[in-house]
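Chemist: Sharing input21.cif, mmCIF, C-alpha atoms and all ligand atoms:
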```
data_input
#
loop_
_atom_site.label_atom_id
_atom_site.label_comp_id
_atom_site.auth_asym_id
_atom_site.auth_seq_id
_atom_site.Cartn_x
_atom_site.Cartn_y
_atom_site.Cartn_z
CA SER L 1 -25.13 -34.84 -17.25
CA PRO L 2 -21.58 -33.54 -17.02
CA GLU L 3 -20.14 -32.84 -13.61
CA PRO L 4 -20.34 -29.19 -12.65
CA GLU L 5 -16.94 -27.59 -13.00
CA ALA L 6 -15.13 -27.90 -9.72
CA ALA L 7 -14.22 -24.64 -8.06
CA GLU L 8 -10.66 -25.92 -8.02
CA SER L 9 -7.72 -23.59 -7.97
CA ASP L 10 -6.03 -22.95 -11.27
CA VAL L 11 -2.87 -25.04 -11.14
CA PHE L 12 -0.03 -23.67 -13.26
CA LEU L 13 2.94 -25.75 -12.21
CA GLU L 14 2.90 -29.30 -10.92
CA ILE L 15 5.86 -31.05 -9.42
CA ARG L 16 5.15 -34.75 -9.08
CA ASP L 17 7.32 -37.06 -6.97
CA VAL L 18 10.52 -35.40 -8.07
CA CYS L 19 13.74 -36.99 -6.81
CA LYS L 20 17.23 -35.78 -7.53
CA ARG L 21 20.30 -37.75 -6.63
CA PHE L 22 23.91 -36.70 -6.96
CA GLY L 23 25.65 -40.06 -6.77
CA ASP L 24 24.53 -41.55 -3.46
CA PHE L 25 23.33 -38.24 -2.12
CA SER L 26 19.64 -37.49 -2.27
CA ALA L 27 19.22 -33.72 -2.85
CA LEU L 28 15.46 -33.95 -3.49
CA ALA L 29 13.43 -36.77 -1.97
CA ASP L 30 10.01 -37.21 -3.52
CA ILE L 31 8.94 -33.61 -3.86
CA SER L 32 5.31 -33.03 -4.82
CA LEU L 33 3.90 -29.55 -5.06
CA THR L 34 1.31 -27.62 -7.01
CA ILE L 35 1.67 -23.93 -7.75
CA GLU L 36 -1.28 -21.77 -8.70
CA ARG L 37 -1.32 -19.55 -11.72
CA GLY L 38 -0.28 -16.00 -10.86
CA SER L 39 1.00 -16.81 -7.39
CA PHE L 40 4.29 -15.84 -5.82
CA VAL L 41 5.86 -18.89 -4.21
CA CYS L 42 9.04 -18.91 -2.12
CA PHE L 43 11.19 -21.97 -1.51
CA LEU L 44 12.64 -21.31 1.92
CA GLY L 45 15.19 -23.34 3.78
CA PRO L 46 18.70 -23.50 5.15
CA SER L 47 21.76 -23.98 2.98
CA GLY L 48 21.81 -27.39 1.35
CA CYS L 49 18.09 -28.15 1.75
CA GLY L 50 17.66 -28.53 -2.01
CA LYS L 51 15.75 -25.36 -2.85
CA THR L 52 18.12 -24.31 -5.62
CA THR L 53 18.16 -27.82 -7.06
CA LEU L 54 14.36 -27.76 -7.18
CA LEU L 55 14.32 -24.38 -8.92
CA ARG L 56 16.96 -25.54 -11.39
CA SER L 57 14.94 -28.67 -12.08
CA ILE L 58 11.93 -26.53 -12.94
CA ALA L 59 14.15 -24.58 -15.34
CA GLY L 60 15.63 -27.74 -16.83
CA LEU L 61 19.12 -26.65 -15.76
CA GLU L 62 19.15 -29.79 -13.64
CA ARG L 63 17.57 -33.06 -14.74
CA GLN L 64 15.51 -34.79 -12.07
CA SER L 65 16.42 -38.43 -11.39
CA SER L 66 12.74 -39.35 -11.36
CA GLY L 67 9.36 -37.69 -11.23
CA ARG L 68 7.61 -35.23 -13.51
CA ILE L 69 7.22 -31.51 -13.91
CA VAL L 70 4.13 -30.18 -15.64
CA GLN L 71 3.81 -26.53 -16.60
CA ASP L 72 0.49 -25.17 -17.79
CA GLY L 73 -0.71 -28.67 -18.68
CA ARG L 74 2.45 -29.56 -20.62
CA ASP L 75 4.88 -32.20 -19.35
CA ILE L 76 8.22 -30.39 -19.48
CA SER L 77 10.20 -33.00 -17.53
CA ASN L 78 12.46 -33.85 -20.42
CA LEU L 79 12.65 -30.55 -22.26
CA PRO L 80 15.91 -28.61 -22.40
CA PRO L 81 15.82 -25.12 -20.81
CA SER L 82 15.56 -23.47 -24.21
CA GLN L 83 12.23 -25.17 -24.86
CA ARG L 84 10.73 -24.25 -21.51
CA ASP L 85 8.81 -21.07 -20.86
CA PHE L 86 10.53 -19.15 -18.08
CA GLY L 87 12.66 -16.12 -17.31
CA ILE L 88 15.29 -16.37 -14.62
CA VAL L 89 17.26 -14.02 -12.37
CA PHE L 90 20.30 -15.28 -10.47
CA GLN L 91 21.93 -14.03 -7.31
CA SER L 92 25.05 -12.69 -8.93
CA TYR L 93 24.48 -10.24 -11.68
CA SER L 94 24.60 -12.31 -14.76
CA LEU L 95 24.38 -9.42 -17.20
CA PHE L 96 26.63 -9.38 -20.24
CA PRO L 97 29.27 -6.82 -19.21
CA ASN L 98 30.17 -5.86 -22.76
CA LEU L 99 26.58 -5.07 -23.76
CA THR L 100 24.56 -1.97 -22.89
CA VAL L 101 21.53 -2.23 -20.69
CA ASN L 102 19.33 -1.96 -23.79
CA ALA L 103 21.19 -4.82 -25.46
CA ASN L 104 21.05 -6.93 -22.32
CA VAL L 105 17.31 -6.51 -21.94
CA GLY L 106 16.66 -6.95 -25.65
CA TYR L 107 18.95 -9.95 -26.01
CA GLY L 108 16.24 -12.59 -26.28
CA LEU L 109 14.08 -10.40 -28.49
CA VAL L 110 16.95 -9.92 -30.95
CA ASN L 111 17.48 -13.67 -31.02
CA GLN L 112 13.81 -14.04 -31.80
CA GLY L 113 14.33 -11.83 -34.85
CA LEU L 114 11.82 -9.12 -33.92
CA PRO L 115 12.05 -5.87 -35.90
CA LYS L 116 14.47 -3.33 -34.38
CA ALA L 117 11.87 -0.66 -33.72
CA GLU L 118 9.64 -3.10 -31.93
CA ILE L 119 12.54 -4.28 -29.79
CA ALA L 120 13.45 -0.71 -28.86
CA THR L 121 9.88 0.04 -27.79
CA ARG L 122 9.59 -3.14 -25.79
CA VAL L 123 12.96 -2.62 -24.08
CA GLN L 124 12.01 0.91 -23.12
CA GLU L 125 8.73 -0.34 -21.63
CA LEU L 126 10.60 -2.95 -19.61
CA LEU L 127 13.10 -0.39 -18.32
CA GLU L 128 10.24 1.82 -17.23
CA LEU L 129 8.67 -1.14 -15.51
CA VAL L 130 11.80 -1.61 -13.38
CA HIS L 131 12.23 2.14 -12.81
CA LEU L 132 15.32 2.58 -14.96
CA PRO L 133 13.89 4.53 -17.89
CA THR L 134 17.06 6.48 -18.67
CA SER L 135 19.72 3.81 -18.15
CA GLY L 136 19.45 2.02 -21.48
CA ARG L 137 22.73 3.27 -22.92
CA LYS L 138 24.78 2.52 -19.82
CA TYR L 139 26.94 -0.54 -19.33
CA PRO L 140 26.35 -2.84 -16.35
CA ALA L 141 29.57 -1.74 -14.64
CA ALA L 142 28.13 1.79 -14.36
CA LEU L 143 25.12 0.54 -12.38
CA SER L 144 24.73 -0.24 -8.69
CA GLY L 145 24.01 -3.80 -7.57
CA GLY L 146 20.32 -3.05 -7.14
CA GLU L 147 20.13 -1.46 -10.58
CA GLN L 148 21.86 -4.43 -12.16
CA GLN L 149 19.29 -6.76 -10.60
CA ARG L 150 16.53 -4.53 -11.95
CA VAL L 151 18.03 -4.92 -15.42
CA ALA L 152 18.29 -8.68 -14.90
CA LEU L 153 14.61 -8.67 -13.94
CA ALA L 154 13.69 -6.69 -17.06
CA ARG L 155 15.68 -9.13 -19.17
CA ALA L 156 13.95 -12.10 -17.54
CA LEU L 157 10.56 -10.57 -18.30
CA ALA L 158 11.38 -9.54 -21.86
CA MET L 159 10.05 -12.69 -23.49
CA GLN L 160 6.85 -12.49 -21.42
CA PRO L 161 7.53 -15.87 -19.84
CA GLY L 162 4.77 -17.87 -18.21
CA LEU L 163 7.02 -18.43 -15.24
CA LEU L 164 9.49 -16.16 -13.49
CA LEU L 165 12.25 -17.94 -11.56
CA LEU L 166 14.29 -16.01 -9.01
CA ASP L 167 17.35 -17.62 -7.46
CA GLU L 168 18.23 -15.56 -4.36
CA PRO L 169 18.02 -12.37 -6.49
CA LEU L 170 18.35 -10.05 -3.51
CA SER L 171 20.97 -11.84 -1.45
CA ALA L 172 23.98 -9.93 -2.70
CA LEU L 173 22.44 -6.51 -2.06
CA ASP L 174 22.72 -4.13 0.91
CA ALA L 175 19.94 -4.38 3.47
CA LYS L 176 18.27 -1.12 2.45
CA VAL L 177 18.40 -1.81 -1.31
CA ARG L 178 17.20 -5.35 -0.66
CA VAL L 179 14.06 -4.16 1.10
CA ASP L 180 13.33 -1.48 -1.52
CA LEU L 181 13.73 -3.91 -4.39
CA ARG L 182 11.67 -6.49 -2.52
CA HIS L 183 8.71 -4.09 -2.48
CA GLU L 184 9.17 -3.32 -6.15
CA MET L 185 9.39 -6.96 -7.13
CA LYS L 186 6.21 -7.77 -5.29
CA ASP L 187 4.43 -4.83 -6.87
CA LEU L 188 5.68 -5.78 -10.32
CA GLN L 189 4.70 -9.41 -9.87
CA ARG L 190 1.18 -8.40 -8.82
CA ARG L 191 0.75 -6.05 -11.75
CA LEU L 192 2.00 -8.54 -14.33
CA GLY L 193 0.37 -11.52 -12.66
CA VAL L 194 3.29 -13.71 -13.71
CA THR L 195 3.61 -16.95 -11.75
CA THR L 196 6.80 -16.56 -9.76
CA VAL L 197 9.01 -18.98 -7.85
CA MET L 198 11.78 -17.56 -5.72
CA VAL L 199 14.49 -19.31 -3.76
CA THR L 200 15.63 -17.70 -0.55
CA HIS L 201 17.20 -18.65 2.76
CA ASP L 202 15.93 -15.39 4.28
CA GLN L 203 12.72 -16.09 6.16
CA GLU L 204 11.81 -12.43 6.50
CA GLU L 205 12.04 -12.07 2.73
CA ALA L 206 9.88 -15.13 2.17
CA LEU L 207 7.23 -13.98 4.63
CA ALA L 208 7.16 -10.49 3.14
CA LEU L 209 6.99 -11.52 -0.51
CA ALA L 210 5.28 -14.83 -0.91
CA ASP L 211 1.66 -15.80 -1.32
CA ILE L 212 2.79 -19.32 -0.48
CA VAL L 213 5.91 -20.35 1.39
CA VAL L 214 7.38 -23.81 0.85
CA VAL L 215 9.66 -24.61 3.79
CA MET L 216 12.28 -27.21 2.89
CA SER L 217 14.81 -29.20 4.86
CA LYS L 218 17.13 -31.98 3.76
CA GLY L 219 15.56 -32.48 0.36
CA LYS L 220 12.01 -32.64 1.70
CA ILE L 221 9.10 -30.26 2.05
CA GLU L 222 8.37 -29.50 5.70
CA GLN L 223 5.35 -27.27 5.18
CA VAL L 224 3.44 -25.44 2.47
CA GLY L 225 1.27 -22.52 3.50
CA THR L 226 0.64 -18.82 3.51
CA PRO L 227 3.21 -16.76 5.41
CA MET L 228 0.66 -16.39 8.22
CA GLU L 229 0.03 -20.14 8.42
CA VAL L 230 3.69 -21.03 8.41
CA TYR L 231 4.43 -18.43 11.06
CA SER L 232 1.55 -19.04 13.42
CA ARG L 233 0.97 -22.78 12.93
CA PRO L 234 4.30 -24.39 12.19
CA GLN L 235 3.70 -28.07 11.43
CA SER L 236 7.03 -29.30 12.74
CA ALA L 237 9.64 -28.29 15.27
CA PHE L 238 11.92 -27.60 12.32
CA VAL L 239 9.56 -25.01 10.84
CA ALA L 240 8.88 -23.53 14.26
CA ASP L 241 12.57 -23.12 14.84
CA PHE L 242 13.52 -21.95 11.35
CA VAL L 243 10.80 -19.42 10.58
CA GLY L 244 10.90 -16.40 12.84
CA HIS L 245 12.15 -16.31 16.40
CA MET L 246 10.72 -19.13 18.48
CA ASN L 247 11.15 -20.40 22.01
CA LEU L 248 11.38 -24.17 22.22
CA LEU L 249 11.25 -25.56 25.74
CA ARG L 250 11.55 -29.17 26.77
CA GLY L 251 8.48 -30.64 28.40
CA ARG L 252 6.90 -34.03 29.03
CA ILE L 253 3.58 -35.67 28.39
CA GLY L 254 2.53 -37.58 31.49
CA LYS L 255 0.42 -40.74 31.67
CA ASP L 256 -2.64 -38.56 32.31
CA GLY L 257 -2.02 -36.93 28.92
CA SER L 258 -1.10 -33.55 30.33
CA VAL L 259 1.87 -31.64 28.99
CA ARG L 260 4.17 -30.36 31.70
CA ILE L 261 7.06 -27.96 31.75
CA GLY L 262 8.83 -28.66 34.99
CA GLU L 263 6.15 -29.37 37.59
CA GLN L 264 3.42 -27.31 36.03
CA ALA L 265 0.80 -28.78 33.70
CA LEU L 266 -0.05 -26.58 30.71
CA SER L 267 -3.50 -25.72 29.46
CA LEU L 268 -3.47 -26.53 25.76
CA ASP L 269 -5.85 -26.94 22.90
CA THR L 270 -6.04 -30.72 22.92
CA ALA L 271 -5.69 -30.96 19.15
CA GLN L 272 -2.14 -29.69 19.53
CA VAL L 273 -0.88 -32.48 21.74
CA PRO L 274 1.00 -35.35 20.09
CA ASP L 275 -0.60 -38.71 20.76
CA ARG L 276 2.13 -40.23 22.89
CA THR L 277 3.90 -39.92 26.20
CA GLY L 278 7.44 -38.81 26.89
CA GLU L 279 9.49 -35.82 25.90
CA VAL L 280 8.00 -32.98 23.89
CA LEU L 281 9.03 -29.56 22.68
CA VAL L 282 6.72 -26.73 23.62
CA SER L 283 6.98 -23.65 21.42
CA PHE L 284 5.77 -20.08 21.64
CA ARG L 285 6.88 -16.78 20.13
CA PRO L 286 8.60 -14.08 22.17
CA GLU L 287 5.77 -11.69 21.27
CA ASP L 288 3.15 -14.07 22.66
CA VAL L 289 4.35 -13.91 26.25
CA VAL L 290 1.83 -11.83 28.21
CA PHE L 291 2.98 -9.63 31.09
CA ARG L 292 0.06 -7.22 31.14
CA GLY L 293 -2.84 -7.81 33.53
CA VAL L 294 -1.85 -11.35 34.50
CA GLU L 295 -4.22 -12.34 37.32
CA GLU L 296 -3.67 -15.14 39.81
CA THR L 297 -6.13 -17.28 37.87
CA ALA L 298 -4.65 -16.69 34.41
CA GLU L 299 -4.02 -19.87 32.44
CA ASN L 300 -0.44 -20.99 32.05
CA ARG L 301 0.72 -18.47 34.59
CA PHE L 302 4.31 -18.58 35.77
CA LEU L 303 6.68 -16.43 37.74
CA GLY L 304 9.57 -15.29 35.61
CA TYR L 305 12.92 -13.87 36.53
CA VAL L 306 14.21 -11.30 34.03
CA GLU L 307 17.85 -12.18 33.47
CA SER L 308 18.60 -9.55 30.86
CA ILE L 309 16.96 -7.14 28.46
CA ASP L 310 18.23 -6.29 25.00
CA PHE L 311 17.07 -2.98 23.58
CA LEU L 312 16.24 -3.59 19.91
CA GLY L 313 14.81 -0.27 18.84
CA SER L 314 11.08 -0.63 18.33
CA PHE L 315 10.90 -3.20 21.12
CA SER L 316 13.07 -4.89 23.72
CA ARG L 317 13.66 -8.58 24.15
CA ALA L 318 13.92 -10.01 27.64
CA ARG L 319 15.61 -13.23 28.59
CA VAL L 320 13.37 -14.83 31.20
CA ARG L 321 14.02 -17.76 33.49
CA VAL L 322 11.49 -19.79 35.42
CA ASP L 323 12.30 -21.95 38.44
CA GLY L 324 11.58 -25.53 37.54
CA PHE L 325 12.00 -25.07 33.77
CA GLU L 326 14.97 -27.42 33.86
CA GLY L 327 17.39 -24.55 33.69
CA GLU L 328 16.05 -23.25 30.38
CA ALA L 329 15.51 -19.59 29.74
CA PHE L 330 13.34 -18.17 26.96
CA ASP L 331 12.84 -14.87 25.17
CA ALA L 332 9.96 -12.49 25.65
CA ASP L 333 9.33 -9.29 23.70
CA LEU L 334 8.49 -6.14 25.54
CA SER L 335 7.20 -2.92 24.09
CA ALA L 336 8.40 0.36 25.56
CA ASN L 337 5.00 0.64 27.28
CA ILE L 338 5.34 -2.61 29.09
CA LEU L 339 8.84 -1.75 30.20
CA ARG L 340 7.62 1.56 31.68
CA ASP L 341 4.22 0.62 33.10
CA PHE L 342 5.18 -2.66 34.62
CA GLY L 343 8.59 -1.71 35.90
CA ILE L 344 10.22 -4.56 34.06
CA SER L 345 13.93 -4.32 34.50
CA GLU L 346 16.80 -6.73 34.65
CA GLY L 347 16.66 -8.65 37.89
CA SER L 348 12.91 -8.27 38.43
CA THR L 349 10.59 -11.19 39.08
CA LEU L 350 7.03 -10.99 37.80
CA PRO L 351 4.13 -13.09 36.60
CA PHE L 352 3.50 -13.81 32.94
CA SER L 353 1.14 -16.08 31.08
CA LEU L 354 1.26 -18.12 27.88
CA PRO L 355 -2.08 -18.05 26.04
CA ARG L 356 -3.03 -21.61 25.14
CA ASP L 357 -3.80 -20.87 21.51
CA ARG L 358 -0.24 -19.62 21.02
CA LEU L 359 1.42 -22.80 22.22
CA CYS L 360 2.48 -25.60 19.91
CA VAL L 361 3.73 -29.00 21.02
CA TYR L 362 6.02 -31.27 19.00
CA PRO L 363 7.48 -34.72 19.66
CA GLY L 364 10.65 -34.27 21.69
CA ASP L 365 12.82 -36.16 19.22
CA GLU L 366 11.89 -33.94 16.26
CA ARG L 367 14.75 -32.29 14.49
CA THR L 368 15.00 -28.53 14.93
CA ALA L 369 16.73 -26.02 12.68
CA GLY L 370 19.49 -25.68 15.25
CA GLY L 371 20.64 -29.26 14.83
P1 LIG L 401 22.23 -23.06 -0.91
O1 LIG L 401 21.38 -21.94 -0.40
O2 LIG L 401 23.48 -23.25 -0.11
O3 LIG L 401 22.46 -23.05 -2.38
P2 LIG L 401 20.21 -25.02 -1.39
O4 LIG L 401 19.12 -25.30 -0.44
O5 LIG L 401 19.87 -24.20 -2.56
O6 LIG L 401 21.42 -24.39 -0.60
P3 LIG L 401 21.10 -26.94 -3.25
O7 LIG L 401 22.04 -26.01 -3.93
O8 LIG L 401 19.85 -27.28 -3.91
O9 LIG L 401 20.79 -26.40 -1.80
O10 LIG L 401 21.88 -28.27 -2.89
C1 LIG L 401 21.27 -29.32 -2.18
C2 LIG L 401 22.31 -30.36 -1.89
O11 LIG L 401 22.72 -31.00 -3.08
C3 LIG L 401 23.56 -29.80 -1.25
O12 LIG L 401 23.96 -30.67 -0.22
C4 LIG L 401 24.56 -29.77 -2.37
O13 LIG L 401 25.86 -29.96 -1.88
C5 LIG L 401 24.11 -30.92 -3.24
N1 LIG L 401 24.43 -30.64 -4.63
C6 LIG L 401 23.93 -29.65 -5.39
N2 LIG L 401 24.41 -29.69 -6.65
C7 LIG L 401 25.26 -30.75 -6.69
C8 LIG L 401 26.09 -31.33 -7.70
N3 LIG L 401 26.11 -30.84 -8.95
N4 LIG L 401 26.81 -32.41 -7.36
C9 LIG L 401 26.76 -32.92 -6.13
N5 LIG L 401 26.01 -32.43 -5.12
C10 LIG L 401 25.28 -31.36 -5.39
#
```
Take the structure in this file and express it as structure tokens.
Modeler:
Amino acid sequence: SPEPEAAESDVFLEIRDVCKRFGDFSALADISLTIERGSFVCFLGPSGCGKTTLLRSIAGLERQSSGRIVQDGRDISNLPPSQRDFGIVFQSYSLFPNLTVNANVGYGLVNQGLPKAEIATRVQELLELVHLPTSGRKYPAALSGGEQQRVALARALAMQPGLLLLDEPLSALDAKVRVDLRHEMKDLQRRLGVTTVMVTHDQEEALALADIVVVMSKGKIEQVGTPMEVYSRPQSAFVADFVGHMNLLRGRIGKDGSVRIGEQALSLDTAQVPDRTGEVLVSFRPEDVVFRGVEETAENRFLGYVESIDFLGSFSRARVRVDGFEGEAFDADLSANILRDFGISEGSTLPFSLPRDRLCVYPGDERTAGG
């Protein structure tokens, strides 16, 4: 009898062992990745990590040196961009300046030879979708940056592509517009259900938008996961350092297998400890440092000296030093409550604890995002 259908995810895009070399330089080193139908995926990484090259390879704007790209069951590795099924939005407004918004959005539809009336209806629908219902007769120069990107989005969606590719579409916009448009893009993507791949170097943007974040560094994938997974369980010191604000302190694994910072052994979930001795990096988030109700017997309890406090609006961030931490200070977040109730001020010394499930340990020689 036939196998029962596996409850497998519905793969839409498959990247198989893709390499891209520019001369001697390896921009993509053996990238393999599957992307589910309807998902919003962000390629996240520092400048030069290869995220744009990977996006351009998917579009066919760059030809991979080896490997395959399969979209919706079809091997598109060797197809020119015109024969692939995607819409794309670039960082800089790539609208035709001499065409009206209507003509920009309808450009592909005109090329397809659709009847005029049908094009007009479709263009109007698209403009409503991106909240610009009355801007059709304007020229791009008369629009704000955010509005131009909305038009670019409408144009990218006009042909109802299977795949939407976004190359840093929000990077050139003001902070406020960027966040507004981010919400709209996410909402639009959900409603249309179009599989979307976005390139960004902005980790906040990736965490806010993506179903799946692909963290890249030096032409390789460091981690693939939900925003929550990538944030709370970074698989490498690089990801820990690059995504969100993270403290990374130097520690050691002794012969007895215990991880120490300075003289003090840490309580850890054993699964987290690398299987080796020597130097390690111990990481924890500023918001995971506990100052409230820290009893004598609390695990991973230390005495901290508050060097400085930065007021950051909704919270404050303290710089804390511990005797014996080899001269390293770390950051701890404090809510207004904690500042008031616990009398935390610059120059105070007080106990804090580091909950074991919030600590991660990496080999000491692992590369971090800082260098
Ligand atoms: P950024 O955010 O700065 O664009 P990125 O992660 O998108 O960074 P890519 O643009 O993919 O990085 O580039 C990856 C590496 O490949 C970079 O070191 C870049 O200099 C190199 N590279 C990209 N395109 C070419 C090219 N046409 N010729 C030579 N090297 C290139």
Chemist: Give me the chain L side of the contact with ligand LIG 401 (chain L), cut-off 6 Å, one line per residue showing its nearest atom pair and distance in Å at one decimal, counting all atoms listed in the file, sorted by chain and residue number, as a Markdown table.
Modeler:
```
| residue | atom | partner | partner_atom | distance |
| --- | --- | --- | --- | --- |
| L:Phe22 | CA | L:LIG401 | C9 | 4.8 |
| L:Ala27 | CA | L:LIG401 | O11 | 4.4 |
| L:Pro46 | CA | L:LIG401 | O4 | 5.9 |
| L:Ser47 | CA | L:LIG401 | O2 | 3.6 |
| L:Gly48 | CA | L:LIG401 | O9 | 3.5 |
| L:Cys49 | CA | L:LIG401 | O4 | 3.7 |
| L:Gly50 | CA | L:LIG401 | O8 | 3.2 |
| L:Lys51 | CA | L:LIG401 | O4 | 4.1 |
| L:Thr52 | CA | L:LIG401 | O5 | 3.5 |
| L:Thr53 | CA | L:LIG401 | O8 | 3.6 |
```
Chemist: Pick out the residues sitting within 9 Å of Glu14 in chain L, and hand them over as a list in words; count all atoms listed in the file, and ignore anything fewer than 6 positions along from it in its own chain.
Modeler: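 Here the answer would be Ser32, Leu33, Thr34, Ile35, Glu36, Arg68, Ile69, Val70, Gln71, Asp72 and Gly73 of chain L.
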Chemist: Considering all atoms listed in the file, can you say which of L:Ala103, L:Val215, L:Leu188, L:Val179 comes closest to Glu229 in chain L?
Modeler: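 Under the stated criterion, the closest residue is L:Val215.
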Chemist: CA of Ala142 in chain L and CA of Lys176 in chain L are how many Å apart?
Modeler: 19.7 Å
Chemist: Looking at L:Ala154, L:Ala208, L:Val306, L:Leu95, which one is nearest to Met228 in chain L, with distances taken over only C-alpha atoms?
Modeler: L:Ala208
Chemist: Would you mind telling me which residue in L:Gly162, L:Pro133, L:Pro169, L:Gly38 lies nearest to Gln149 in chain L when using all atoms listed in the file?
Modeler: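 Ranked by minimum distance to Gln149 in chain L, first place goes to L:Pro169.
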Chemist: Using all atoms listed in the file, can you tell me which of L:Glu204, L:Asp75, L:Glu279, L:Glu128 comes closest to Asp365 in chain L?
Modeler: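 Checking each candidate against Asp365 in chain L, we get L:Glu279 as the closest.
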Chemist: Specify the axis-aligned box that encloses all atoms of range 35-40 of chain L listed in the file after padding of 6 Å on each side, stating its centre and edge lengths in Å to one decimal as lines of an AutoDock Vina configuration file.
Modeler:
```
center_x = 1.5
center_y = -19.9
center_z = -8.8
size_x = 17.6
size_y = 20.1
size_z = 17.9
```
Chemist: I need the residue nearest Leu303 in chain L from this list: L:Gln264, L:Ser258, L:Gln189, L:Gln160. Use only C-alpha atoms for the distance.
Modeler: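 With only C-alpha atoms as the atom set, the closest residue is L:Gln264.
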Chemist: Using only C-alpha atoms and a cutoff of 10 Å, can you tell me which residues are near (11.6, -7.3, -31.7) in the file's coordinates, and write them out as an MDAnalysis selection string?
Modeler: chainID L and resid 106:123 159
Chemist: Would you output that residue set with C-alpha atoms, as an mmCIF file, keeping the file's coordinate frame?
Modeler:
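Ended up saving to selection.cif:
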```
data_model
loop_
_atom_site.group_PDB
_atom_site.id
_atom_site.type_symbol
_atom_site.label_atom_id
_atom_site.label_comp_id
_atom_site.auth_asym_id
_atom_site.auth_seq_id
_atom_site.Cartn_x
_atom_site.Cartn_y
_atom_site.Cartn_z
ATOM 1 C CA GLY L 106 16.660 -6.950 -25.650
ATOM 2 C CA TYR L 107 18.950 -9.950 -26.010
ATOM 3 C CA GLY L 108 16.240 -12.590 -26.280
ATOM 4 C CA LEU L 109 14.080 -10.400 -28.490
ATOM 5 C CA VAL L 110 16.950 -9.920 -30.950
ATOM 6 C CA ASN L 111 17.480 -13.670 -31.020
ATOM 7 C CA GLN L 112 13.810 -14.040 -31.800
ATOM 8 C CA GLY L 113 14.330 -11.830 -34.850
ATOM 9 C CA LEU L 114 11.820 -9.120 -33.920
ATOM 10 C CA PRO L 115 12.050 -5.870 -35.900
ATOM 11 C CA LYS L 116 14.470 -3.330 -34.380
ATOM 12 C CA ALA L 117 11.870 -0.660 -33.720
ATOM 13 C CA GLU L 118 9.640 -3.100 -31.930
ATOM 14 C CA ILE L 119 12.540 -4.280 -29.790
ATOM 15 C CA ALA L 120 13.450 -0.710 -28.860
ATOM 16 C CA THR L 121 9.880 0.040 -27.790
ATOM 17 C CA ARG L 122 9.590 -3.140 -25.790
ATOM 18 C CA VAL L 123 12.960 -2.620 -24.080
ATOM 19 C CA MET L 159 10.050 -12.690 -23.490
#
```
Chemist: Would you work out the distance separating CA of Leu339 in chain L from CA of Asp323 in chain L, expressed in Å to one decimal?
Modeler: 22.1 Å
Chemist: Please tell me which residues are no farther than 7 Å from (11.8, -4.5, -17.9) in the file, counting only C-alpha atoms, and write them as a PyMOL selection string.
Modeler: chain L and resi 123+125-130+151+153-155+157-158
Chemist: What does the structure give for the distance between CA of Lys255 in chain L and CA of Pro286 in chain L, in Å to one decimal?
Modeler: 29.5 Å
Chemist: Write out as a ChimeraX atom specification each polymer residue whose atoms come within 10 Å of Ser94 in chain L, counting only C-alpha atoms; drop sequence neighbours fewer than 4 positions from it.
Modeler: /L:89-90,104,140,148-149,151-152
Chemist: Given the selection you just returned, output its residues as a file containing C-alpha atoms, formatted as a PDB file, keeping the file's coordinate frame.
Modeler:
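Full text of out.pdb as output:
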```pdb
ATOM      1  CA  VAL L  89      17.260 -14.020 -12.370  1.00  0.00           C
ATOM      2  CA  PHE L  90      20.300 -15.280 -10.470  1.00  0.00           C
ATOM      3  CA  ASN L 104      21.050  -6.930 -22.320  1.00  0.00           C
ATOM      4  CA  PRO L 140      26.350  -2.840 -16.350  1.00  0.00           C
ATOM      5  CA  GLN L 148      21.860  -4.430 -12.160  1.00  0.00           C
ATOM      6  CA  GLN L 149      19.290  -6.760 -10.600  1.00  0.00           C
ATOM      7  CA  VAL L 151      18.030  -4.920 -15.420  1.00  0.00           C
ATOM      8  CA  ALA L 152      18.290  -8.680 -14.900  1.00  0.00           C
TER       9      ALA L 152
END
```
Chemist: Let me make sure I understand: among L:Leu192, L:Val101, L:Ala237, L:Leu334, which one has the smallest atom-to-atom distance to Ser217 in chain L if we use only C-alpha atoms?
Modeler: L:Ala237
Chemist: Could you give me, as a list of chain:residue names, the residues within 12 Å of Phe342 in chain L, counting all atoms listed in the file and dropping anything in the same chain fewer than 6 positions from it?
Modeler: L:Val290, L:Phe291, L:Arg292, L:Gly293, L:Val294, L:Leu334, L:Ser335, L:Ala336, L:Ser348, L:Thr349, L:Leu350, L:Pro351, L:Phe352
